[in-house]
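Structure file coords_32.txt (compact mmCIF, N, CA and C atoms) follows.
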```txt
# COMPACT_ATOMS: atom_id res chain seq x y z
N MET A 1 65.71 -7.34 9.77
CA MET A 1 64.34 -7.58 9.36
C MET A 1 64.21 -7.60 7.83
N SER A 2 64.94 -6.70 7.19
CA SER A 2 64.86 -6.63 5.73
C SER A 2 65.42 -7.89 5.08
N GLY A 3 66.44 -8.48 5.69
CA GLY A 3 67.01 -9.72 5.15
C GLY A 3 66.00 -10.85 5.16
N VAL A 4 65.19 -10.92 6.19
CA VAL A 4 64.14 -11.94 6.27
C VAL A 4 63.10 -11.70 5.18
N MET A 5 62.73 -10.45 4.99
CA MET A 5 61.75 -10.11 3.96
C MET A 5 62.30 -10.43 2.57
N GLN A 6 63.58 -10.18 2.37
CA GLN A 6 64.18 -10.48 1.07
C GLN A 6 64.18 -11.98 0.81
N ARG A 7 64.54 -12.76 1.83
CA ARG A 7 64.52 -14.22 1.66
C ARG A 7 63.12 -14.73 1.41
N MET A 8 62.13 -14.18 2.12
CA MET A 8 60.74 -14.60 1.92
C MET A 8 60.28 -14.25 0.50
N THR A 9 60.70 -13.10 0.00
CA THR A 9 60.36 -12.70 -1.36
C THR A 9 60.98 -13.67 -2.36
N TYR A 10 62.25 -14.01 -2.18
CA TYR A 10 62.92 -14.97 -3.07
C TYR A 10 62.17 -16.31 -3.08
N ILE A 11 61.83 -16.80 -1.91
CA ILE A 11 61.15 -18.10 -1.82
C ILE A 11 59.78 -18.04 -2.48
N PHE A 12 59.03 -16.99 -2.19
CA PHE A 12 57.68 -16.85 -2.74
C PHE A 12 57.71 -16.76 -4.26
N VAL A 13 58.56 -15.93 -4.80
CA VAL A 13 58.63 -15.75 -6.25
C VAL A 13 59.21 -16.99 -6.92
N SER A 14 60.15 -17.65 -6.28
CA SER A 14 60.71 -18.89 -6.84
C SER A 14 59.64 -19.96 -6.94
N LEU A 15 58.77 -20.05 -5.94
CA LEU A 15 57.67 -21.02 -5.97
C LEU A 15 56.70 -20.69 -7.11
N ILE A 16 56.37 -19.41 -7.27
CA ILE A 16 55.49 -19.00 -8.36
C ILE A 16 56.12 -19.34 -9.71
N GLU A 17 57.39 -19.02 -9.87
CA GLU A 17 58.07 -19.30 -11.13
C GLU A 17 58.16 -20.80 -11.41
N LEU A 18 58.38 -21.59 -10.38
CA LEU A 18 58.42 -23.04 -10.56
C LEU A 18 57.08 -23.56 -11.04
N LEU A 19 56.00 -23.14 -10.40
CA LEU A 19 54.67 -23.61 -10.80
C LEU A 19 54.33 -23.17 -12.22
N LEU A 20 54.63 -21.92 -12.54
CA LEU A 20 54.33 -21.44 -13.89
C LEU A 20 55.20 -22.14 -14.93
N SER A 21 56.44 -22.43 -14.60
CA SER A 21 57.31 -23.16 -15.52
C SER A 21 56.80 -24.57 -15.76
N LEU A 22 56.35 -25.22 -14.70
CA LEU A 22 55.77 -26.56 -14.86
C LEU A 22 54.53 -26.52 -15.73
N ARG A 23 53.71 -25.49 -15.54
CA ARG A 23 52.51 -25.32 -16.37
C ARG A 23 52.90 -25.14 -17.83
N PHE A 24 53.89 -24.29 -18.08
CA PHE A 24 54.32 -24.04 -19.46
C PHE A 24 54.79 -25.33 -20.12
N ILE A 25 55.59 -26.11 -19.41
CA ILE A 25 56.11 -27.37 -19.95
C ILE A 25 54.98 -28.37 -20.17
N ALA A 26 54.05 -28.44 -19.23
CA ALA A 26 52.92 -29.36 -19.37
C ALA A 26 52.07 -29.01 -20.58
N LYS A 27 51.81 -27.72 -20.77
CA LYS A 27 51.03 -27.29 -21.94
C LYS A 27 51.80 -27.54 -23.23
N LEU A 28 53.10 -27.26 -23.21
CA LEU A 28 53.93 -27.42 -24.39
C LEU A 28 53.96 -28.87 -24.87
N PHE A 29 54.03 -29.80 -23.92
CA PHE A 29 54.10 -31.22 -24.29
C PHE A 29 52.74 -31.90 -24.31
N GLY A 30 51.67 -31.13 -24.13
CA GLY A 30 50.32 -31.69 -24.24
C GLY A 30 49.96 -32.65 -23.14
N ALA A 31 50.29 -32.31 -21.91
CA ALA A 31 49.98 -33.19 -20.78
C ALA A 31 48.47 -33.37 -20.65
N ASN A 32 48.08 -34.54 -20.20
CA ASN A 32 46.67 -34.88 -20.03
C ASN A 32 46.08 -34.07 -18.88
N ALA A 33 45.13 -33.18 -19.19
CA ALA A 33 44.54 -32.30 -18.18
C ALA A 33 43.68 -33.04 -17.18
N SER A 34 43.33 -34.27 -17.45
CA SER A 34 42.53 -35.02 -16.48
C SER A 34 43.40 -35.76 -15.47
N ALA A 35 44.71 -35.77 -15.66
CA ALA A 35 45.62 -36.35 -14.66
C ALA A 35 45.57 -35.47 -13.41
N SER A 36 45.57 -36.09 -12.26
CA SER A 36 45.34 -35.33 -11.02
C SER A 36 46.37 -34.23 -10.78
N PHE A 37 47.65 -34.51 -10.98
CA PHE A 37 48.66 -33.48 -10.75
C PHE A 37 48.52 -32.33 -11.74
N ILE A 38 48.29 -32.65 -13.00
CA ILE A 38 48.16 -31.61 -14.02
C ILE A 38 46.91 -30.78 -13.76
N ALA A 39 45.81 -31.42 -13.39
CA ALA A 39 44.59 -30.68 -13.07
C ALA A 39 44.83 -29.75 -11.88
N TRP A 40 45.54 -30.25 -10.86
CA TRP A 40 45.88 -29.41 -9.71
C TRP A 40 46.77 -28.24 -10.13
N LEU A 41 47.75 -28.53 -10.97
CA LEU A 41 48.67 -27.49 -11.44
C LEU A 41 47.93 -26.41 -12.21
N TYR A 42 47.07 -26.80 -13.13
CA TYR A 42 46.32 -25.82 -13.92
C TYR A 42 45.38 -25.01 -13.03
N ALA A 43 44.71 -25.66 -12.08
CA ALA A 43 43.77 -24.96 -11.20
C ALA A 43 44.49 -23.96 -10.30
N ASN A 44 45.68 -24.29 -9.84
CA ASN A 44 46.39 -23.41 -8.92
C ASN A 44 47.21 -22.33 -9.60
N THR A 45 47.51 -22.50 -10.86
CA THR A 45 48.25 -21.44 -11.57
C THR A 45 47.32 -20.51 -12.34
N GLU A 46 46.08 -20.90 -12.51
CA GLU A 46 45.12 -20.05 -13.24
C GLU A 46 44.96 -18.67 -12.59
N PRO A 47 44.85 -18.55 -11.27
CA PRO A 47 44.75 -17.20 -10.68
C PRO A 47 46.01 -16.36 -10.89
N LEU A 48 47.16 -17.01 -11.01
CA LEU A 48 48.40 -16.27 -11.26
C LEU A 48 48.45 -15.72 -12.68
N LEU A 49 47.74 -16.37 -13.58
CA LEU A 49 47.73 -15.95 -14.99
C LEU A 49 46.59 -15.01 -15.32
N SER A 50 45.59 -14.92 -14.46
CA SER A 50 44.40 -14.14 -14.79
C SER A 50 44.68 -12.67 -15.13
N PRO A 51 45.65 -11.98 -14.50
CA PRO A 51 45.91 -10.60 -14.92
C PRO A 51 46.49 -10.49 -16.33
N PHE A 52 47.01 -11.58 -16.85
CA PHE A 52 47.69 -11.56 -18.14
C PHE A 52 46.93 -12.31 -19.23
N GLN A 53 45.74 -12.81 -18.93
CA GLN A 53 44.98 -13.58 -19.91
C GLN A 53 44.71 -12.75 -21.15
N TYR A 54 44.81 -13.37 -22.28
CA TYR A 54 44.49 -12.79 -23.59
C TYR A 54 45.42 -11.66 -24.00
N VAL A 55 46.57 -11.52 -23.35
CA VAL A 55 47.55 -10.53 -23.78
C VAL A 55 48.20 -11.00 -25.08
N PHE A 56 48.50 -12.29 -25.12
CA PHE A 56 49.13 -12.89 -26.30
C PHE A 56 48.32 -14.10 -26.73
N PRO A 57 48.37 -14.44 -28.00
CA PRO A 57 47.69 -15.67 -28.44
C PRO A 57 48.48 -16.89 -27.97
N SER A 58 47.80 -18.01 -27.89
CA SER A 58 48.45 -19.26 -27.52
C SER A 58 48.29 -20.25 -28.66
N PRO A 59 49.24 -20.25 -29.60
CA PRO A 59 49.11 -21.17 -30.74
C PRO A 59 49.25 -22.62 -30.29
N SER A 60 48.53 -23.49 -30.98
CA SER A 60 48.60 -24.91 -30.65
C SER A 60 48.82 -25.74 -31.91
N VAL A 61 49.38 -26.91 -31.72
CA VAL A 61 49.61 -27.85 -32.81
C VAL A 61 48.71 -29.05 -32.56
N LYS A 62 47.87 -29.35 -33.52
CA LYS A 62 46.92 -30.46 -33.42
C LYS A 62 46.02 -30.32 -32.20
N GLY A 63 45.81 -29.09 -31.74
CA GLY A 63 44.89 -28.84 -30.64
C GLY A 63 45.37 -29.30 -29.28
N ARG A 64 46.56 -29.82 -29.19
CA ARG A 64 47.01 -30.39 -27.93
C ARG A 64 48.29 -29.74 -27.41
N PHE A 65 49.25 -29.52 -28.26
CA PHE A 65 50.54 -28.97 -27.85
C PHE A 65 50.46 -27.44 -27.95
N VAL A 66 50.43 -26.78 -26.80
CA VAL A 66 50.16 -25.34 -26.75
C VAL A 66 51.42 -24.59 -26.34
N LEU A 67 51.74 -23.56 -27.10
CA LEU A 67 52.82 -22.65 -26.75
C LEU A 67 52.17 -21.45 -26.08
N GLU A 68 52.15 -21.46 -24.76
CA GLU A 68 51.40 -20.48 -23.97
C GLU A 68 52.28 -19.27 -23.66
N PHE A 69 52.22 -18.27 -24.52
CA PHE A 69 53.01 -17.06 -24.33
C PHE A 69 52.58 -16.29 -23.09
N THR A 70 51.32 -16.43 -22.72
CA THR A 70 50.82 -15.76 -21.51
C THR A 70 51.60 -16.21 -20.29
N THR A 71 51.90 -17.48 -20.20
CA THR A 71 52.65 -18.00 -19.06
C THR A 71 54.07 -17.45 -19.05
N LEU A 72 54.70 -17.38 -20.22
CA LEU A 72 56.05 -16.82 -20.29
C LEU A 72 56.05 -15.34 -19.88
N PHE A 73 55.04 -14.60 -20.32
CA PHE A 73 54.92 -13.20 -19.96
C PHE A 73 54.69 -13.05 -18.45
N ALA A 74 53.87 -13.92 -17.87
CA ALA A 74 53.62 -13.88 -16.43
C ALA A 74 54.90 -14.16 -15.65
N ILE A 75 55.69 -15.12 -16.09
CA ILE A 75 56.96 -15.42 -15.43
C ILE A 75 57.86 -14.19 -15.46
N PHE A 76 57.94 -13.55 -16.63
CA PHE A 76 58.75 -12.34 -16.75
C PHE A 76 58.24 -11.24 -15.82
N MET A 77 56.94 -11.02 -15.79
CA MET A 77 56.38 -9.95 -14.96
C MET A 77 56.57 -10.21 -13.47
N TYR A 78 56.36 -11.44 -13.02
CA TYR A 78 56.57 -11.76 -11.60
C TYR A 78 58.04 -11.61 -11.23
N THR A 79 58.93 -11.96 -12.13
CA THR A 79 60.36 -11.78 -11.87
C THR A 79 60.70 -10.30 -11.77
N PHE A 80 60.15 -9.49 -12.67
CA PHE A 80 60.39 -8.06 -12.64
C PHE A 80 59.82 -7.43 -11.37
N LEU A 81 58.62 -7.82 -10.97
CA LEU A 81 58.02 -7.30 -9.74
C LEU A 81 58.85 -7.70 -8.52
N ALA A 82 59.36 -8.91 -8.51
CA ALA A 82 60.21 -9.35 -7.41
C ALA A 82 61.48 -8.52 -7.36
N TYR A 83 62.05 -8.23 -8.52
CA TYR A 83 63.24 -7.38 -8.58
C TYR A 83 62.95 -6.01 -7.97
N LEU A 84 61.81 -5.43 -8.32
CA LEU A 84 61.44 -4.13 -7.76
C LEU A 84 61.27 -4.19 -6.25
N VAL A 85 60.59 -5.21 -5.77
CA VAL A 85 60.39 -5.36 -4.32
C VAL A 85 61.72 -5.53 -3.62
N LEU A 86 62.61 -6.33 -4.17
CA LEU A 86 63.91 -6.55 -3.55
C LEU A 86 64.76 -5.28 -3.55
N GLU A 87 64.66 -4.50 -4.61
CA GLU A 87 65.38 -3.22 -4.64
C GLU A 87 64.84 -2.25 -3.59
N ILE A 88 63.53 -2.20 -3.43
CA ILE A 88 62.93 -1.33 -2.42
C ILE A 88 63.32 -1.78 -1.02
N LEU A 89 63.29 -3.09 -0.79
CA LEU A 89 63.71 -3.60 0.52
C LEU A 89 65.18 -3.30 0.77
N GLY A 90 66.01 -3.41 -0.24
CA GLY A 90 67.43 -3.08 -0.11
C GLY A 90 67.62 -1.60 0.19
N LEU A 91 66.81 -0.77 -0.42
CA LEU A 91 66.87 0.67 -0.17
C LEU A 91 66.51 0.98 1.28
N PHE A 92 65.45 0.35 1.78
CA PHE A 92 65.07 0.54 3.18
C PHE A 92 66.15 0.04 4.13
N ASP A 93 66.76 -1.07 3.76
CA ASP A 93 67.84 -1.63 4.59
C ASP A 93 69.02 -0.68 4.64
N THR A 94 69.37 -0.10 3.50
CA THR A 94 70.48 0.86 3.45
C THR A 94 70.16 2.11 4.26
N MET A 95 68.93 2.60 4.13
CA MET A 95 68.52 3.80 4.88
C MET A 95 68.53 3.52 6.38
N GLY A 96 68.12 2.32 6.77
CA GLY A 96 68.10 1.96 8.20
C GLY A 96 69.51 1.87 8.78
N LYS A 97 70.46 1.38 8.00
CA LYS A 97 71.84 1.28 8.47
C LYS A 97 72.50 2.64 8.60
N LYS A 98 72.13 3.58 7.73
CA LYS A 98 72.72 4.93 7.80
C LYS A 98 72.23 5.69 9.02
N ARG A 99 71.01 5.39 9.48
CA ARG A 99 70.46 6.09 10.65
C ARG A 99 71.15 5.63 11.95
N LYS A 100 71.67 4.43 11.96
CA LYS A 100 72.27 3.91 13.20
C LYS A 100 73.63 4.44 13.44
```

Target encoding structure tokens, full file:
Amino acid sequence: MSGVMQRMTYIFVSLIELLLSLRFIAKLFGANASASFIAWLYANTEPLLSPFQYVFPSPSVKGRFVLEFTTLFAIFMYTFLAYLVLEILGLFDTMGKKRK
């Protein structure tokens, strides 16, 4: 059971990291926010960034090319949280095997 939970955690966090990475790249290269995919990407990643909003400034060049440190910090934090969850699941798996 723990192996399934670990795989689900990997998949879930990988999807979050992919979306946040795409957002970071889109902001960095000044993607048009009115394009349907970019608008969808920004709308769906905004809730993932809300706990980290305004932690770091987001400098921009010519008002369009944005270096969004908040997104990088969110990627780091979600990766760290996934690591913690996977370690806890591994601990439970080890404890369960010792009982048998």

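As for atom C of Leu19 (chain A) and CA of Leu91 (chain A), they are spaced 29.5 Å apart.
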
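A straight line drawn from atom C of Met77 (chain A) to atom N of Met95 (chain A) is 25.0 Å long.
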
- Task: Return as a VMD selection string the full set of residues in chain A whose backbone-based DSSP assignment is alpha helix (DSSP H).
- Result: chain A and resid 2 to 28 36 to 49 69 to 99

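Take the candidates A:Ala33, A:Ile38, A:Ile25, A:Ile88 and check each one against Leu67 (chain A) using only C-alpha atoms; the shortest distance goes to A:Ile25.
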
- Can you list, as a PyMOL selection string, every protein, DNA or RNA residue that comes within 8 Å of Phe52 (chain A) when you count all atoms listed in the file, leaving out same-chain residues fewer than 6 positions away? chain A and resi 69-71+73-74

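Secondary structure of chain A, strand (DSSP E or B) only (DSSP, backbone atoms): A:Ser60, A:Val61, A:Phe65, A:Val66.
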
Give me a file of those residues, with N, CA and C atoms, as a tab-separated table (two decimals), in the coordinates of the input.
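After the write, out.tsv holds the following:
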```
chain	number	residue	atom	x	y	z
A	60	SER	N	48.53	-23.49	-30.98
A	60	SER	CA	48.60	-24.91	-30.65
A	60	SER	C	48.82	-25.74	-31.91
A	61	VAL	N	49.38	-26.91	-31.72
A	61	VAL	CA	49.61	-27.85	-32.81
A	61	VAL	C	48.71	-29.05	-32.56
A	65	PHE	N	49.25	-29.52	-28.26
A	65	PHE	CA	50.54	-28.97	-27.85
A	65	PHE	C	50.46	-27.44	-27.95
A	66	VAL	N	50.43	-26.78	-26.80
A	66	VAL	CA	50.16	-25.34	-26.75
A	66	VAL	C	51.42	-24.59	-26.34
```

- Query: CA of Leu41 (chain A) to CA of Leu72 (chain A): how many Å, to one decimal?
  - Reply: 15.7 Å

- Show which residues sit within 8 Å of Phe29 (chain A), as an MDAnalysis selection string. Count all atoms listed in the file, and ignore same-chain residues fewer than 6 positions away. chainID A and resid 23 64:67

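Between Met5 (chain A) and the candidates A:Val61, A:Ala26, A:Ala43, A:Leu89, the tightest atom-to-atom separation, counting only C-alpha atoms, involves A:Leu89.
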
Box along x, y and z, 5 Å on every side, all listed atoms of region 42-61 of chain A inside: centre and edge lengths in Å to one decimal, as lines of an AutoDock Vina configuration file.
```
center_x = 46.7
center_y = -19.8
center_z = -20.9
size_x = 15.8
size_y = 28.6
size_z = 33.9
```

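Residues with any atom within 8 Å of region 6-17 of chain A, counting all atoms listed in the file and excluding same-chain neighbours fewer than 4 positions away, are Met1, Ser2, Ser21, Leu22, Arg23, Ala74, Ile75, Phe76, Tyr78, Thr79, Ala82, Val85, Leu86, Leu89 and Gly90 of chain A.
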
- Task: Give the answer as one residue: which of A:Gly63, A:Gly30, A:Leu20, A:Ala35 has the shortest atom-to-atom distance to Pro47 (chain A), using only C-alpha atoms?
- Result: A:Leu20
